[in-house]
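Asks: Structure file entry.pdb, PDB, C-alpha atoms and all ligand atoms, is pasted below:
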ATOM      1  CA  MET K   1     -58.793  -0.445  -2.734  1.00  0.00           C
ATOM      2  CA  VAL K   2     -61.799  -2.789  -2.576  1.00  0.00           C
ATOM      3  CA  THR K   3     -65.146  -1.566  -3.899  1.00  0.00           C
ATOM      4  CA  ASP K   4     -68.502  -2.652  -2.452  1.00  0.00           C
ATOM      5  CA  ALA K   5     -69.197  -4.588  -5.652  1.00  0.00           C
ATOM      6  CA  GLN K   6     -65.862  -6.423  -5.257  1.00  0.00           C
ATOM      7  CA  LYS K   7     -66.662  -7.265  -1.635  1.00  0.00           C
ATOM      8  CA  SER K   8     -69.913  -8.886  -2.778  1.00  0.00           C
ATOM      9  CA  LEU K   9     -68.191 -10.813  -5.581  1.00  0.00           C
ATOM     10  CA  VAL K  10     -65.632 -12.179  -3.114  1.00  0.00           C
ATOM     11  CA  GLN K  11     -68.230 -12.995  -0.456  1.00  0.00           C
ATOM     12  CA  ASN K  12     -70.507 -14.788  -2.936  1.00  0.00           C
ATOM     13  CA  SER K  13     -67.754 -16.741  -4.664  1.00  0.00           C
ATOM     14  CA  PHE K  14     -66.223 -17.714  -1.318  1.00  0.00           C
ATOM     15  CA  ALA K  15     -69.605 -19.132  -0.266  1.00  0.00           C
ATOM     16  CA  THR K  16     -69.274 -21.569  -3.200  1.00  0.00           C
ATOM     17  CA  VAL K  17     -65.691 -22.491  -2.311  1.00  0.00           C
ATOM     18  CA  ALA K  18     -66.710 -22.958   1.334  1.00  0.00           C
ATOM     19  CA  THR K  19     -68.974 -25.849   0.298  1.00  0.00           C
ATOM     20  CA  ILE K  20     -65.807 -27.727  -0.734  1.00  0.00           C
ATOM     21  CA  ALA K  21     -63.605 -26.129   1.925  1.00  0.00           C
ATOM     22  CA  ASP K  22     -61.367 -29.079   2.748  1.00  0.00           C
ATOM     23  CA  ASP K  23     -60.862 -30.100  -0.890  1.00  0.00           C
ATOM     24  CA  ALA K  24     -60.092 -26.487  -1.775  1.00  0.00           C
ATOM     25  CA  ALA K  25     -57.540 -26.281   1.036  1.00  0.00           C
ATOM     26  CA  ILE K  26     -55.932 -29.566  -0.073  1.00  0.00           C
ATOM     27  CA  LEU K  27     -55.640 -28.221  -3.626  1.00  0.00           C
ATOM     28  CA  PHE K  28     -54.257 -24.936  -2.319  1.00  0.00           C
ATOM     29  CA  TYR K  29     -51.390 -26.483  -0.354  1.00  0.00           C
ATOM     30  CA  GLN K  30     -50.605 -28.973  -3.141  1.00  0.00           C
ATOM     31  CA  ARG K  31     -50.310 -26.102  -5.582  1.00  0.00           C
ATOM     32  CA  LEU K  32     -48.333 -23.961  -3.123  1.00  0.00           C
ATOM     33  CA  PHE K  33     -45.718 -26.668  -2.533  1.00  0.00           C
ATOM     34  CA  GLU K  34     -45.556 -27.382  -6.267  1.00  0.00           C
ATOM     35  CA  LEU K  35     -44.845 -23.699  -6.937  1.00  0.00           C
ATOM     36  CA  ASP K  36     -42.196 -23.543  -4.209  1.00  0.00           C
ATOM     37  CA  PRO K  37     -41.150 -26.828  -2.571  1.00  0.00           C
ATOM     38  CA  SER K  38     -38.915 -24.920  -0.147  1.00  0.00           C
ATOM     39  CA  LEU K  39     -42.088 -23.740   1.663  1.00  0.00           C
ATOM     40  CA  ARG K  40     -43.039 -27.290   2.712  1.00  0.00           C
ATOM     41  CA  PRO K  41     -40.701 -27.555   5.753  1.00  0.00           C
ATOM     42  CA  MET K  42     -42.033 -24.224   7.111  1.00  0.00           C
ATOM     43  CA  PHE K  43     -45.283 -26.013   7.929  1.00  0.00           C
ATOM     44  CA  ARG K  44     -44.362 -28.032  10.988  1.00  0.00           C
ATOM     45  CA  GLY K  45     -47.808 -28.741  12.383  1.00  0.00           C
ATOM     46  CA  ASP K  46     -50.557 -31.125  11.328  1.00  0.00           C
ATOM     47  CA  MET K  47     -51.748 -30.169   7.813  1.00  0.00           C
ATOM     48  CA  THR K  48     -55.360 -31.197   8.532  1.00  0.00           C
ATOM     49  CA  GLU K  49     -55.401 -28.594  11.309  1.00  0.00           C
ATOM     50  CA  GLN K  50     -53.581 -26.096   9.108  1.00  0.00           C
ATOM     51  CA  ARG K  51     -56.181 -26.477   6.354  1.00  0.00           C
ATOM     52  CA  LYS K  52     -58.947 -25.819   8.890  1.00  0.00           C
ATOM     53  CA  LYS K  53     -57.166 -22.764  10.316  1.00  0.00           C
ATOM     54  CA  LEU K  54     -56.607 -21.298   6.855  1.00  0.00           C
ATOM     55  CA  MET K  55     -60.242 -21.738   5.838  1.00  0.00           C
ATOM     56  CA  GLN K  56     -61.492 -20.356   9.185  1.00  0.00           C
ATOM     57  CA  MET K  57     -59.288 -17.298   8.820  1.00  0.00           C
ATOM     58  CA  LEU K  58     -60.361 -16.763   5.203  1.00  0.00           C
ATOM     59  CA  THR K  59     -64.011 -17.112   6.252  1.00  0.00           C
ATOM     60  CA  ALA K  60     -63.527 -14.501   8.971  1.00  0.00           C
ATOM     61  CA  ALA K  61     -61.625 -12.191   6.620  1.00  0.00           C
ATOM     62  CA  VAL K  62     -64.196 -12.448   3.831  1.00  0.00           C
ATOM     63  CA  LYS K  63     -67.056 -11.792   6.281  1.00  0.00           C
ATOM     64  CA  GLY K  64     -65.026  -9.039   7.917  1.00  0.00           C
ATOM     65  CA  LEU K  65     -64.759  -7.046   4.684  1.00  0.00           C
ATOM     66  CA  ASP K  66     -67.964  -5.330   5.841  1.00  0.00           C
ATOM     67  CA  ARG K  67     -66.289  -4.363   9.148  1.00  0.00           C
ATOM     68  CA  LEU K  68     -62.748  -3.366   8.194  1.00  0.00           C
ATOM     69  CA  ASP K  69     -62.189  -1.521  11.503  1.00  0.00           C
ATOM     70  CA  GLN K  70     -62.562  -4.844  13.304  1.00  0.00           C
ATOM     71  CA  LEU K  71     -60.789  -6.943  10.678  1.00  0.00           C
ATOM     72  CA  VAL K  72     -57.594  -4.922  10.340  1.00  0.00           C
ATOM     73  CA  PRO K  73     -56.220  -5.514  13.900  1.00  0.00           C
ATOM     74  CA  VAL K  74     -56.826  -9.275  13.516  1.00  0.00           C
ATOM     75  CA  VAL K  75     -54.997  -9.322  10.178  1.00  0.00           C
ATOM     76  CA  LYS K  76     -52.141  -7.251  11.623  1.00  0.00           C
ATOM     77  CA  ASP K  77     -51.687  -9.813  14.407  1.00  0.00           C
ATOM     78  CA  LEU K  78     -51.725 -12.568  11.794  1.00  0.00           C
ATOM     79  CA  GLY K  79     -49.024 -10.734   9.847  1.00  0.00           C
ATOM     80  CA  ARG K  80     -46.805 -10.355  12.925  1.00  0.00           C
ATOM     81  CA  ARG K  81     -47.177 -14.081  13.686  1.00  0.00           C
ATOM     82  CA  HIS K  82     -46.216 -14.877  10.088  1.00  0.00           C
ATOM     83  CA  ASP K  83     -42.995 -12.930  10.498  1.00  0.00           C
ATOM     84  CA  GLY K  84     -42.224 -15.369  13.319  1.00  0.00           C
ATOM     85  CA  TYR K  85     -42.917 -18.337  10.996  1.00  0.00           C
ATOM     86  CA  GLY K  86     -40.168 -17.035   8.706  1.00  0.00           C
ATOM     87  CA  VAL K  87     -42.552 -15.733   6.039  1.00  0.00           C
ATOM     88  CA  THR K  88     -41.055 -13.044   3.791  1.00  0.00           C
ATOM     89  CA  ASP K  89     -42.749 -10.509   1.512  1.00  0.00           C
ATOM     90  CA  LYS K  90     -41.946 -12.553  -1.592  1.00  0.00           C
ATOM     91  CA  HIS K  91     -43.781 -15.573  -0.167  1.00  0.00           C
ATOM     92  CA  TYR K  92     -47.018 -13.587  -0.312  1.00  0.00           C
ATOM     93  CA  ASP K  93     -46.782 -13.538  -4.123  1.00  0.00           C
ATOM     94  CA  THR K  94     -46.471 -17.321  -4.246  1.00  0.00           C
ATOM     95  CA  VAL K  95     -49.468 -17.696  -1.928  1.00  0.00           C
ATOM     96  CA  ALA K  96     -51.428 -15.289  -4.166  1.00  0.00           C
ATOM     97  CA  GLU K  97     -50.679 -17.455  -7.194  1.00  0.00           C
ATOM     98  CA  ALA K  98     -51.708 -20.659  -5.380  1.00  0.00           C
ATOM     99  CA  LEU K  99     -54.881 -19.007  -4.062  1.00  0.00           C
ATOM    100  CA  LEU K 100     -55.987 -17.693  -7.467  1.00  0.00           C
ATOM    101  CA  TRP K 101     -55.253 -21.070  -9.048  1.00  0.00           C
ATOM    102  CA  THR K 102     -57.341 -22.810  -6.372  1.00  0.00           C
ATOM    103  CA  LEU K 103     -60.240 -20.405  -6.832  1.00  0.00           C
ATOM    104  CA  GLU K 104     -60.194 -21.013 -10.566  1.00  0.00           C
ATOM    105  CA  ALA K 105     -60.141 -24.778 -10.000  1.00  0.00           C
ATOM    106  CA  GLY K 106     -63.017 -24.566  -7.495  1.00  0.00           C
ATOM    107  CA  LEU K 107     -65.209 -22.052  -9.281  1.00  0.00           C
ATOM    108  CA  GLY K 108     -64.662 -22.999 -12.912  1.00  0.00           C
ATOM    109  CA  ARG K 109     -66.565 -20.681 -15.243  1.00  0.00           C
ATOM    110  CA  ALA K 110     -67.851 -18.671 -12.287  1.00  0.00           C
ATOM    111  CA  PHE K 111     -64.263 -17.423 -11.874  1.00  0.00           C
ATOM    112  CA  THR K 112     -64.847 -14.545 -14.282  1.00  0.00           C
ATOM    113  CA  PRO K 113     -62.305 -11.748 -14.834  1.00  0.00           C
ATOM    114  CA  GLU K 114     -64.378  -9.534 -12.478  1.00  0.00           C
ATOM    115  CA  VAL K 115     -64.321 -12.181  -9.751  1.00  0.00           C
ATOM    116  CA  LYS K 116     -60.580 -12.637 -10.235  1.00  0.00           C
ATOM    117  CA  ASP K 117     -59.939  -8.878 -10.016  1.00  0.00           C
ATOM    118  CA  ALA K 118     -62.063  -8.721  -6.857  1.00  0.00           C
ATOM    119  CA  TRP K 119     -60.003 -11.499  -5.239  1.00  0.00           C
ATOM    120  CA  VAL K 120     -56.768  -9.815  -6.270  1.00  0.00           C
ATOM    121  CA  ALA K 121     -57.982  -6.597  -4.597  1.00  0.00           C
ATOM    122  CA  VAL K 122     -58.991  -8.400  -1.389  1.00  0.00           C
ATOM    123  CA  TYR K 123     -55.841 -10.533  -1.210  1.00  0.00           C
ATOM    124  CA  THR K 124     -53.696  -7.444  -1.834  1.00  0.00           C
ATOM    125  CA  LEU K 125     -55.446  -5.693   1.054  1.00  0.00           C
ATOM    126  CA  LEU K 126     -54.880  -8.652   3.407  1.00  0.00           C
ATOM    127  CA  ALA K 127     -51.281  -9.283   2.317  1.00  0.00           C
ATOM    128  CA  THR K 128     -50.326  -5.590   2.458  1.00  0.00           C
ATOM    129  CA  THR K 129     -51.815  -5.271   5.944  1.00  0.00           C
ATOM    130  CA  MET K 130     -49.915  -8.389   7.090  1.00  0.00           C
ATOM    131  CA  LYS K 131     -46.581  -7.346   5.527  1.00  0.00           C
ATOM    132  CA  ASP K 132     -46.827  -3.778   6.842  1.00  0.00           C
ATOM    133  CA  ALA K 133     -47.563  -4.970  10.398  1.00  0.00           C
ATOM    134  CA  ALA K 134     -44.653  -7.419  10.247  1.00  0.00           C
ATOM    135  CA  ARG K 135     -42.295  -4.707   8.980  1.00  0.00           C
ATOM    136  CA  GLU K 136     -43.442  -2.205  11.616  1.00  0.00           C
ATOM    137  CA  ALA K 137     -42.883  -4.795  14.342  1.00  0.00           C
ATOM    138  CA  ARG K 138     -39.368  -5.541  13.034  1.00  0.00           C
ATOM    139  CA  GLU K 139     -38.537  -1.829  12.811  1.00  0.00           C
ATOM    140  CA  SER K 140     -39.750  -1.119  16.327  1.00  0.00           C
ATOM    141  CA  LEU K 141     -37.610  -3.992  17.600  1.00  0.00           C
ATOM    142  CA  VAL K 142     -34.523  -2.523  15.949  1.00  0.00           C
ATOM    143  CA  THR K 143     -34.964   0.897  17.542  1.00  0.00           C
ATOM    144  CA  VAL K 144     -35.384  -0.244  21.172  1.00  0.00           C
TER     145      VAL K 144
HETATM  146  C1  LIG H 201     -53.688 -13.798   3.374  1.00  0.00           C
HETATM  147  C2  LIG H 201     -52.656 -14.595   3.597  1.00  0.00           C
HETATM  148  C3  LIG H 201     -52.575 -15.663   4.680  1.00  0.00           C
HETATM  149  C4  LIG H 201     -53.525 -16.136   5.542  1.00  0.00           C
HETATM  150  C5  LIG H 201     -54.995 -15.732   5.660  1.00  0.00           C
HETATM  151  C6  LIG H 201     -52.870 -17.127   6.374  1.00  0.00           C
HETATM  152  C7  LIG H 201     -53.472 -17.830   7.410  1.00  0.00           C
HETATM  153  C8  LIG H 201     -52.789 -18.601   8.343  1.00  0.00           C
HETATM  154  C9  LIG H 201     -53.351 -19.084   9.587  1.00  0.00           C
HETATM  155  C10 LIG H 201     -54.772 -18.823  10.076  1.00  0.00           C
HETATM  156  C11 LIG H 201     -52.388 -19.795  10.231  1.00  0.00           C
HETATM  157  C12 LIG H 201     -52.528 -20.496  11.607  1.00  0.00           C
HETATM  158  C13 LIG H 201     -51.613 -19.883  12.654  1.00  0.00           C
HETATM  159  C14 LIG H 201     -51.924 -18.454  13.037  1.00  0.00           C
HETATM  160  O1  LIG H 201     -53.108 -18.044  13.049  1.00  0.00           O
HETATM  161  O2  LIG H 201     -50.965 -17.713  13.300  1.00  0.00           O
HETATM  162  C15 LIG H 201     -51.202 -19.747   9.391  1.00  0.00           C
HETATM  163  C16 LIG H 201     -49.992 -20.349   9.689  1.00  0.00           C
HETATM  164  C17 LIG H 201     -48.912 -20.386   8.835  1.00  0.00           C
HETATM  165  N1  LIG H 201     -48.830 -19.775   7.610  1.00  0.00           N
HETATM  166 FE1  LIG H 201     -50.196 -18.548   6.799  1.00  0.00          FE
HETATM  167  N2  LIG H 201     -51.561 -17.253   5.975  1.00  0.00           N
HETATM  168  C18 LIG H 201     -51.342 -16.384   4.949  1.00  0.00           C
HETATM  169  C19 LIG H 201     -50.157 -16.204   4.263  1.00  0.00           C
HETATM  170  C20 LIG H 201     -49.061 -17.018   4.386  1.00  0.00           C
HETATM  171  C21 LIG H 201     -47.876 -16.939   3.570  1.00  0.00           C
HETATM  172  C22 LIG H 201     -47.631 -15.938   2.450  1.00  0.00           C
HETATM  173  C23 LIG H 201     -47.041 -17.922   3.977  1.00  0.00           C
HETATM  174  C24 LIG H 201     -45.698 -18.242   3.360  1.00  0.00           C
HETATM  175  C25 LIG H 201     -45.339 -19.415   2.996  1.00  0.00           C
HETATM  176  C26 LIG H 201     -47.676 -18.608   5.095  1.00  0.00           C
HETATM  177  C27 LIG H 201     -47.122 -19.611   5.862  1.00  0.00           C
HETATM  178  C28 LIG H 201     -47.591 -20.051   7.074  1.00  0.00           C
HETATM  179  C29 LIG H 201     -46.832 -20.893   8.003  1.00  0.00           C
HETATM  180  C30 LIG H 201     -45.420 -21.416   7.777  1.00  0.00           C
HETATM  181  C31 LIG H 201     -47.655 -21.106   9.121  1.00  0.00           C
HETATM  182  C32 LIG H 201     -47.313 -21.906  10.375  1.00  0.00           C
HETATM  183  C33 LIG H 201     -47.552 -23.365  10.106  1.00  0.00           C
HETATM  184  C34 LIG H 201     -47.148 -24.254  11.259  1.00  0.00           C
HETATM  185  O3  LIG H 201     -46.953 -23.779  12.389  1.00  0.00           O
HETATM  186  O4  LIG H 201     -47.047 -25.450  10.993  1.00  0.00           O
HETATM  187  N3  LIG H 201     -48.904 -18.042   5.299  1.00  0.00           N
HETATM  188  N4  LIG H 201     -51.483 -19.025   8.253  1.00  0.00           N
END
Written as structure tokens, how would this file's structure read?
Replies:
Amino acid sequence: MVTDAQKSLVQNSFATVATIADDAAILFYQRLFELDPSLRPMFRGDMTEQRKKLMQMLTAAVKGLDRLDQLVPVVKDLGRRHDGYGVTDKHYDTVAEALLWTLEAGLGRAFTPEVKDAWVAVYTLLATTMKDAAREARESLVTV
């Protein structure tokens, strides 16, 4: 559950990270592949493009917190596509760790415990929506 105060904390802190978007995305993927080198070969495309796509999607998701009815279908689609990339539930934990690490690196002292908790709540919402949609799609495939 994400409170209104948490939405604001995430939106405001993301505005800071967005000013260093490409550097933040570079740090994120470096950290992700350090945490789990086996994820590297899953990214087959151009990483410059991938960094842009990730930041664009995060921008849309962070903005979209105010319009969850519109955001949820987009995030569900994203989750179903991730199933096709071979992403498993456990991978979402590794991405969470890399994301929180990157936010701390980018925000420094502004990454207070409240800001961290707010990001955990938002990431949990996104990841749960993605994982649930992927699982539902797999289950409906099995039953046809
Ligand atoms: C909130 C979580 C996540 C967000 C917002 C996100 C965002 C994105 C976006 C926007 C793309 C571009 C393609 C598309 O839109 O379908 C993408 C691709 C991809 N993501 Fe994610 N992602 C998330 C979680 C994960 C996780 C947990 C993994 C696991 C390692 C992962 C691995 C990948 C891979 C392998 C691709 C395809 C790369 C390629 O084709 O080269 N993502 N992601």
Asks: Which residues, written as a compact mmCIF listing (two decimals) with C-alpha atoms, keeping the file's coordinate frame, have at least one atom at most 6 Å from range 113-121 of chain K, with only C-alpha atoms counted and residues fewer than 3 positions away on the same chain left out?
Replies:
# COMPACT_ATOMS: atom_id res chain seq x y z
CA VAL K 2 -61.80 -2.79 -2.58
CA GLN K 6 -65.86 -6.42 -5.26
CA LEU K 9 -68.19 -10.81 -5.58
CA THR K 124 -53.70 -7.44 -1.83
Asks: Per residue of range 112-138 of chain K within 9 Å of range 80-101 of chain K, what are the shortest atom pair and its distance in Å to one decimal, counting all atoms listed in the file, with rows by chain and residue number, as JSON lines?
Replies:
{"residue": "K:Lys116", "atom": "CA", "partner": "K:Leu100", "partner_atom": "CA", "distance": 7.4}
{"residue": "K:Trp119", "atom": "CA", "partner": "K:Leu100", "partner_atom": "CA", "distance": 7.7}
{"residue": "K:Val120", "atom": "CA", "partner": "K:Ala96", "partner_atom": "CA", "distance": 7.9}
{"residue": "K:Tyr123", "atom": "CA", "partner": "K:Ala96", "partner_atom": "CA", "distance": 7.1}
{"residue": "K:Thr124", "atom": "CA", "partner": "K:Ala96", "partner_atom": "CA", "distance": 8.5}
{"residue": "K:Ala127", "atom": "CA", "partner": "K:Tyr92", "partner_atom": "CA", "distance": 6.6}
{"residue": "K:Met130", "atom": "CA", "partner": "K:Arg80", "partner_atom": "CA", "distance": 6.9}
{"residue": "K:Lys131", "atom": "CA", "partner": "K:Asp89", "partner_atom": "CA", "distance": 6.4}
{"residue": "K:Asp132", "atom": "CA", "partner": "K:Arg80", "partner_atom": "CA", "distance": 9.0}
{"residue": "K:Ala133", "atom": "CA", "partner": "K:Arg80", "partner_atom": "CA", "distance": 6.0}
{"residue": "K:Ala134", "atom": "CA", "partner": "K:Arg80", "partner_atom": "CA", "distance": 4.5}
{"residue": "K:Arg135", "atom": "CA", "partner": "K:Arg80", "partner_atom": "CA", "distance": 8.2}
{"residue": "K:Glu136", "atom": "CA", "partner": "K:Arg80", "partner_atom": "CA", "distance": 8.9}
{"residue": "K:Ala137", "atom": "CA", "partner": "K:Arg80", "partner_atom": "CA", "distance": 7.0}
{"residue": "K:Arg138", "atom": "CA", "partner": "K:Asp83", "partner_atom": "CA", "distance": 8.6}
Asks: One decimal, Å: what's the distance from atom C4 of ligand LIG 201 (chain H) over to CA of Tyr29 in chain K, could you say?
Replies: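 Calculated distance between atom C4 of ligand LIG 201 (chain H) and CA of Tyr29 in chain K is 12.1 Å.
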Asks: Can you list, as a list of chain:residue names, every protein, DNA or RNA residue that comes within 10 Å of Ala15 in chain K when you count all atoms listed in the file, leaving out same-chain residues fewer than 5 positions away?
Replies: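 Near neighbours after the sequence-gap exclusion: K:Leu9, K:Val10, K:Ile20, K:Ala21, K:Thr59, K:Val62.
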Asks: Point out the residue among K:Ala110, K:Leu141, K:Leu39, K:Leu103 with the least atom-to-atom distance to ligand LIG 201 (chain H), counting only C-alpha atoms and all ligand atoms.
Replies: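 Among the listed residues, the smallest separation from ligand LIG 201 (chain H) belongs to K:Leu39.
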Asks: In Å, rounded to a single decimal, give me how far CA of Gly79 in chain K is from atom C19 of ligand LIG 201 (chain H).
Replies: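 Value for the atom C19 of ligand LIG 201 (chain H)-CA of Gly79 in chain K distance: 7.9 Å.
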Asks: Quick one: of K:Asp69, K:Glu104, K:Glu49, K:Asp22, who's nearest to ligand LIG 201 (chain H), counting all atoms listed in the file?
Replies: K:Glu49
Asks: Please indicate the distance in Å from CA of Gln56 in chain K to atom C7 of ligand LIG 201 (chain H), rounded to one decimal place.
Replies: 8.6 Å
Asks: Give the answer as one residue: which of K:Thr102, K:Phe14, K:Pro37, K:Ile26 has the shortest atom-to-atom distance to ligand LIG 201 (chain H), using only C-alpha atoms and all ligand atoms?
Replies: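 Of K:Thr102, K:Phe14, K:Pro37, K:Ile26, the one nearest ligand LIG 201 (chain H) is K:Pro37, counting only C-alpha atoms and all ligand atoms.
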Asks: So, with all atoms listed in the file as the atoms that count, which of K:Ala18, K:Val122, K:Leu32, K:Met57 lies closest to Met1 in chain K?
Replies: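 Result for the nearest residue to Met1 in chain K: K:Val122.
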Asks: Which one is closest to Lys52 in chain K: K:Arg40, K:Gln70, K:Leu35, K:Ala24? Count all atoms listed in the file.
Replies: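 Checking each of K:Arg40, K:Gln70, K:Leu35, K:Ala24 against Lys52 in chain K, counting all atoms listed in the file, the winner is K:Ala24.
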Asks: Looking at only C-alpha atoms and all ligand atoms, which of K:Ala105, K:Val142, K:Leu71, K:Met47 is the one that sits closest to ligand LIG 201 (chain H)?
Replies: K:Met47
